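Heads up, the thing below is written out as structure tokens.
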Amino acid sequence: MKRPIAIIGGSGVKSILKGEQKVLGTPYGPTPNLTIGEVEGRPAIFLPRHGEAHSDPPHKVNYRANIWGLKSLGVERIIATNAVGAIDQSLTPGEIVIPSDIVDVTKSRAGTFYEGSPVTHVDVSQPYCPREREVLAQSTASAGRRSPKDAVMACTEGPRYETPAEIKMLRTMGCHIVGMTGAPEVFLARELEICYASISFVSNMAAGLQRTLSAREVEEKGRETSQVLNKILAGAIASMPESRKDCPCGTALSQAQLKKEVVEVAQ
Ligand code: HPA
């Protein structure tokens with residue numbers, strides 16, 4: 001039996017699959033209502049990040065329950081979607097971006113599964129699965145859309161949008177796009193050795209680059225982009241390799257925990 005590929009749907013993204021509905025219990029609380037079915041003949045799961053009625057704001061999403069729940073269903077690959085604002089002025093609303101790196105400037109989120117012993121420091125030198133990024137880029141090109149080769153996402157706390165000064169700061173930090181849901185999701189996936197990549201769509205220019213920002217505009221852009229997004233997701237799922245030989249994700253814990261003897265000597 002092939003392992004299911006999970007899609008985490010962000011703002012404005014509706015399930016591309018039909019199937020059994022299920023809420024899972026986890027040590028961190030329940031997941032949103034998952035849809036368990038198939039995409040392109042492969043087992044797939046859809047998780048609406050903000051809940052079915054979009055009732056959980058970005059800073060209240062139970063990221064640990066979501067990632068833990070997917071892991072407990074045998075998921076080894078996640079493709080996430082996010083609405084983002086463009087900091088890089090060469091990007092325009094409607095564009096697709098596959099982030100290559102992330103700056104986490106969130107403030108109040110539970111960001112790890114490893115709160116105690118064994119002390120665990122996962123490597124995130126490549127925070128997004130390089131193999132999944134490749135597959136997403138190919139699928140984006142096949143859908144007739146370009147995507148920048150590299151893009152750094154900033155993840156802010158929200159739920160408010162940023163100030164123009166914050167966007168200037170994020171630009172000087174090397175960020176190209178800004179959203180509110182990239183972290184800690186990407187890091188939690190790595191902590192459970194799940195491959196994770198993200199497909200972001202630009203819903204607006206970031207603060208200071210357009211007159212005002214509106215949640216309605218973001219939602220509207222999500223609806224407009226959903227057709228191409230679904231096409232890219234379906235194409236990516238169809239061609240996603242089953243095996244995970246050529247990425248660091250599946251063995252992330254092998255070097256992440258201190259050896260027992262080292263801990264004992266150090267105590
Ligand atoms: N900032 C943060 N999150 C976002 C934005 C933005 O401009 N647009 C969509 N999500």
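Ordering of the structure tokens sets the chain letters (A, B, ...), residue numbers begin anew at 1 in every chain, and ligands are numbered from 1 in the order given.
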
task: Within 8 Å of ligand 1, which residues show up when you count only C-alpha atoms and all ligand atoms? List them as a ChimeraX atom specification, please.
output: /A:82-86,155-156,158,160-162,178-181,202-207,213,215,218

Could you save those same residues with N, CA, C and O atoms as a compact mmCIF listing (two decimals), in the first residue's frame?
# COMPACT_ATOMS: atom_id res chain seq x y z
N ASN A 82 0.20 28.29 0.76
CA ASN A 82 0.07 29.52 1.56
C ASN A 82 -0.22 30.71 0.65
O ASN A 82 0.35 30.82 -0.43
N ALA A 83 -1.04 31.61 1.16
CA ALA A 83 -1.17 32.94 0.54
C ALA A 83 -0.03 33.78 1.09
O ALA A 83 0.27 33.71 2.28
N VAL A 84 0.61 34.56 0.23
CA VAL A 84 1.72 35.40 0.69
C VAL A 84 1.64 36.78 0.04
O VAL A 84 1.07 36.95 -1.04
N GLY A 85 2.26 37.75 0.72
CA GLY A 85 2.45 39.07 0.13
C GLY A 85 3.83 39.11 -0.52
O GLY A 85 4.75 38.42 -0.06
N ALA A 86 3.98 39.90 -1.58
CA ALA A 86 5.28 40.01 -2.26
C ALA A 86 6.08 41.15 -1.66
O ALA A 86 5.62 42.28 -1.62
N CYS A 155 7.99 34.45 7.85
CA CYS A 155 6.73 34.10 8.50
C CYS A 155 6.53 35.03 9.70
O CYS A 155 7.32 35.00 10.65
N THR A 156 5.50 35.84 9.63
CA THR A 156 5.20 36.80 10.71
C THR A 156 4.09 36.22 11.60
O THR A 156 3.42 35.26 11.23
N GLY A 158 1.23 37.71 12.77
CA GLY A 158 -0.16 37.99 12.49
C GLY A 158 -0.96 38.12 13.77
O GLY A 158 -0.39 38.14 14.85
N ARG A 160 -2.52 40.50 12.32
CA ARG A 160 -2.48 41.74 11.56
C ARG A 160 -1.47 41.61 10.43
O ARG A 160 -0.55 40.78 10.50
N TYR A 161 -1.60 42.45 9.41
CA TYR A 161 -0.56 42.52 8.39
C TYR A 161 0.62 43.32 8.94
O TYR A 161 0.54 43.89 10.03
N GLU A 162 1.70 43.37 8.17
CA GLU A 162 2.91 44.02 8.63
C GLU A 162 2.83 45.53 8.42
O GLU A 162 2.00 46.01 7.64
N VAL A 178 6.10 37.18 2.14
CA VAL A 178 5.75 37.16 3.57
C VAL A 178 4.37 36.53 3.75
O VAL A 178 3.43 36.84 3.02
N GLY A 179 4.31 35.62 4.72
CA GLY A 179 3.04 34.98 5.05
C GLY A 179 2.97 34.77 6.56
O GLY A 179 3.89 35.18 7.29
N MET A 180 1.91 34.13 7.02
CA MET A 180 1.74 33.95 8.47
C MET A 180 1.70 32.48 8.89
O MET A 180 1.46 32.19 10.07
N THR A 181 1.90 31.56 7.95
CA THR A 181 1.69 30.15 8.32
C THR A 181 2.85 29.20 7.98
O THR A 181 2.75 28.01 8.22
N VAL A 202 1.07 34.55 -4.62
CA VAL A 202 1.14 35.95 -4.21
C VAL A 202 -0.26 36.54 -4.31
O VAL A 202 -0.85 36.57 -5.39
N SER A 203 -0.79 36.96 -3.16
CA SER A 203 -2.15 37.52 -3.18
C SER A 203 -2.14 39.04 -3.21
O SER A 203 -3.14 39.66 -3.53
N ASN A 204 -1.01 39.62 -2.86
CA ASN A 204 -0.94 41.09 -2.78
C ASN A 204 0.52 41.51 -2.72
O ASN A 204 1.40 40.69 -2.44
N MET A 205 0.78 42.79 -2.97
CA MET A 205 2.11 43.33 -2.69
C MET A 205 2.14 43.62 -1.19
O MET A 205 1.11 43.98 -0.60
N ALA A 206 3.30 43.46 -0.57
CA ALA A 206 3.39 43.61 0.89
C ALA A 206 3.15 45.07 1.30
O ALA A 206 3.15 45.97 0.45
N ALA A 207 2.99 45.26 2.61
CA ALA A 207 2.65 46.59 3.14
C ALA A 207 3.67 47.63 2.68
O ALA A 207 4.88 47.38 2.66
N LEU A 213 -3.93 46.96 2.63
CA LEU A 213 -4.05 45.51 2.48
C LEU A 213 -5.42 45.08 2.98
O LEU A 213 -5.93 45.65 3.96
N ALA A 215 -8.00 41.60 3.80
CA ALA A 215 -8.17 40.14 3.89
C ALA A 215 -9.10 39.66 2.78
O ALA A 215 -8.94 38.55 2.25
N VAL A 218 -7.08 39.09 -0.31
CA VAL A 218 -6.30 37.85 -0.22
C VAL A 218 -7.19 36.64 -0.54
O VAL A 218 -6.84 35.75 -1.31

When you look at A:Gly250 with a cut-off of 12 Å (counting only C-alpha atoms), what residues show up, excluding the ones that are within fewer than 2 positions of it in the same chain? I need them as a short mmCIF file (atom, residue, chain, number, x, y, z; two decimals) with N, CA and C atoms, in the first residue's frame.
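The new file selection.cif reads:
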data_model
loop_
_atom_site.label_atom_id
_atom_site.label_comp_id
_atom_site.auth_asym_id
_atom_site.auth_seq_id
_atom_site.Cartn_x
_atom_site.Cartn_y
_atom_site.Cartn_z
N VAL A 75 1.80 9.44 6.80
CA VAL A 75 2.23 10.42 5.79
C VAL A 75 3.74 10.63 5.85
N GLU A 76 4.40 10.55 4.69
CA GLU A 76 5.83 10.86 4.60
C GLU A 76 6.09 12.10 3.76
N ARG A 77 5.02 12.56 3.08
CA ARG A 77 5.20 13.74 2.21
C ARG A 77 4.04 14.70 2.41
N VAL A 122 17.19 19.55 15.23
CA VAL A 122 17.18 19.08 13.83
C VAL A 122 17.89 20.08 12.92
N ASP A 123 18.52 19.53 11.91
CA ASP A 123 19.19 20.35 10.90
C ASP A 123 18.15 20.88 9.92
N CYS A 129 11.96 20.32 1.51
CA CYS A 129 12.47 19.12 0.85
C CYS A 129 12.91 19.47 -0.57
N ARG A 131 13.72 17.62 -3.09
CA ARG A 131 13.11 16.77 -4.12
C ARG A 131 11.67 17.23 -4.40
N ALA A 189 7.40 19.41 10.62
CA ALA A 189 7.45 18.28 9.66
C ALA A 189 8.84 17.66 9.68
N ARG A 190 9.87 18.48 9.66
CA ARG A 190 11.24 17.94 9.68
C ARG A 190 11.50 17.19 10.98
N GLU A 191 10.96 17.70 12.10
CA GLU A 191 11.17 17.02 13.39
C GLU A 191 10.58 15.61 13.38
N LEU A 192 9.56 15.38 12.54
CA LEU A 192 8.99 14.03 12.46
C LEU A 192 9.43 13.32 11.17
N GLU A 193 10.48 13.84 10.56
CA GLU A 193 11.11 13.23 9.37
C GLU A 193 10.14 13.12 8.19
N ILE A 194 9.28 14.11 8.07
CA ILE A 194 8.33 14.15 6.93
C ILE A 194 8.88 15.14 5.90
N CYS A 195 8.89 14.74 4.62
CA CYS A 195 9.25 15.67 3.55
C CYS A 195 8.17 16.74 3.46
N TYR A 196 8.58 17.99 3.28
CA TYR A 196 7.62 19.10 3.28
C TYR A 196 8.10 20.15 2.29
N SER A 243 9.95 6.82 -3.23
CA SER A 243 11.14 6.62 -2.39
C SER A 243 11.72 7.97 -1.97
N ARG A 244 12.45 7.97 -0.84
CA ARG A 244 12.97 9.23 -0.31
C ARG A 244 14.48 9.14 -0.13
N LYS A 245 15.15 8.65 -1.18
CA LYS A 245 16.60 8.42 -1.06
C LYS A 245 17.40 9.72 -1.17
N ASP A 246 16.87 10.67 -1.99
CA ASP A 246 17.73 11.81 -2.33
C ASP A 246 17.34 13.13 -1.64
N CYS A 247 16.97 13.04 -0.38
CA CYS A 247 16.72 14.27 0.40
C CYS A 247 17.08 13.99 1.86
N PRO A 248 17.28 15.06 2.65
CA PRO A 248 17.72 14.84 4.04
C PRO A 248 16.57 14.54 5.01
N ALA A 252 16.28 12.81 9.31
CA ALA A 252 16.60 14.07 10.03
C ALA A 252 16.99 13.85 11.48
N LEU A 253 16.50 12.76 12.08
CA LEU A 253 16.78 12.57 13.51
C LEU A 253 18.07 11.80 13.77
N SER A 254 18.66 11.23 12.69
CA SER A 254 19.79 10.32 12.91
C SER A 254 20.98 11.03 13.57
N GLN A 255 21.15 12.32 13.31
CA GLN A 255 22.28 13.06 13.91
C GLN A 255 21.78 14.18 14.82
#

field: Using only C-alpha atoms: which of A:Lys221, A:His59, A:Lys14, A:Arg216 has the shortest distance to A:Val105
entry: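 Once distances to A:Val105 are computed over only C-alpha atoms, the minimum belongs to A:His59.
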
message: Could you tell me how far atom CA of A:Leu34 sits from atom CA of A:Lys22, in Å to one decimal place?
response: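 Interatomic distance here is 5.1 Å.
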
query: Smallest atom-to-atom distance to A:Ala143: which of A:Ser15, A:Ser200, A:Gln227, A:Thr35, using only C-alpha atoms?
result: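 Checking each of A:Ser15, A:Ser200, A:Gln227, A:Thr35 against A:Ala143, counting only C-alpha atoms, the winner is A:Gln227.
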
task: Enumerate the residues of stretch 101-218 of chain A with a DSSP assignment of alpha helix (DSSP H), computed from the backbone, and present them as number ranges by chain.
output: A: 130-142, 164-172, 185-191, 215-218

Which residues, written as a CSV table (one decimal) with all heavy atoms, in the first residue's frame, have at least one atom at most 8 Å from A:Pro130, with only C-alpha atoms counted and residues fewer than 4 positions away on the same chain left out?
chain,number,residue,atom,x,y,z
A,126,GLN,N,18.5,22.8,4.8
A,126,GLN,CA,17.5,22.8,3.6
A,126,GLN,C,16.1,22.6,4.2
A,126,GLN,O,15.6,21.5,4.2
A,126,GLN,CB,17.8,21.7,2.6
A,126,GLN,CG,19.2,21.8,1.9
A,126,GLN,CD,19.3,20.7,0.9
A,126,GLN,OE1,19.1,20.9,-0.3
A,126,GLN,NE2,19.7,19.5,1.3
A,134,GLU,N,11.6,20.4,-6.4
A,134,GLU,CA,11.9,20.1,-7.8
A,134,GLU,C,10.6,19.7,-8.5
A,134,GLU,O,10.3,20.2,-9.6
A,134,GLU,CB,12.9,18.9,-7.9
A,134,GLU,CG,14.2,19.2,-8.6
A,134,GLU,CD,15.1,18.0,-8.3
A,134,GLU,OE1,14.8,16.9,-8.7
A,134,GLU,OE2,16.2,18.2,-7.7
A,197,ALA,N,7.2,20.6,1.4
A,197,ALA,CA,7.5,21.7,0.6
A,197,ALA,C,6.2,22.5,0.5
A,197,ALA,O,5.1,22.0,0.8
A,197,ALA,CB,8.0,21.3,-0.8
A,247,CYS,N,17.0,13.0,-0.4
A,247,CYS,CA,16.7,14.3,0.4
A,247,CYS,C,17.1,14.0,1.9
A,247,CYS,O,17.2,12.8,2.3
A,247,CYS,CB,15.3,14.7,0.3
A,247,CYS,SG,14.1,13.6,1.0
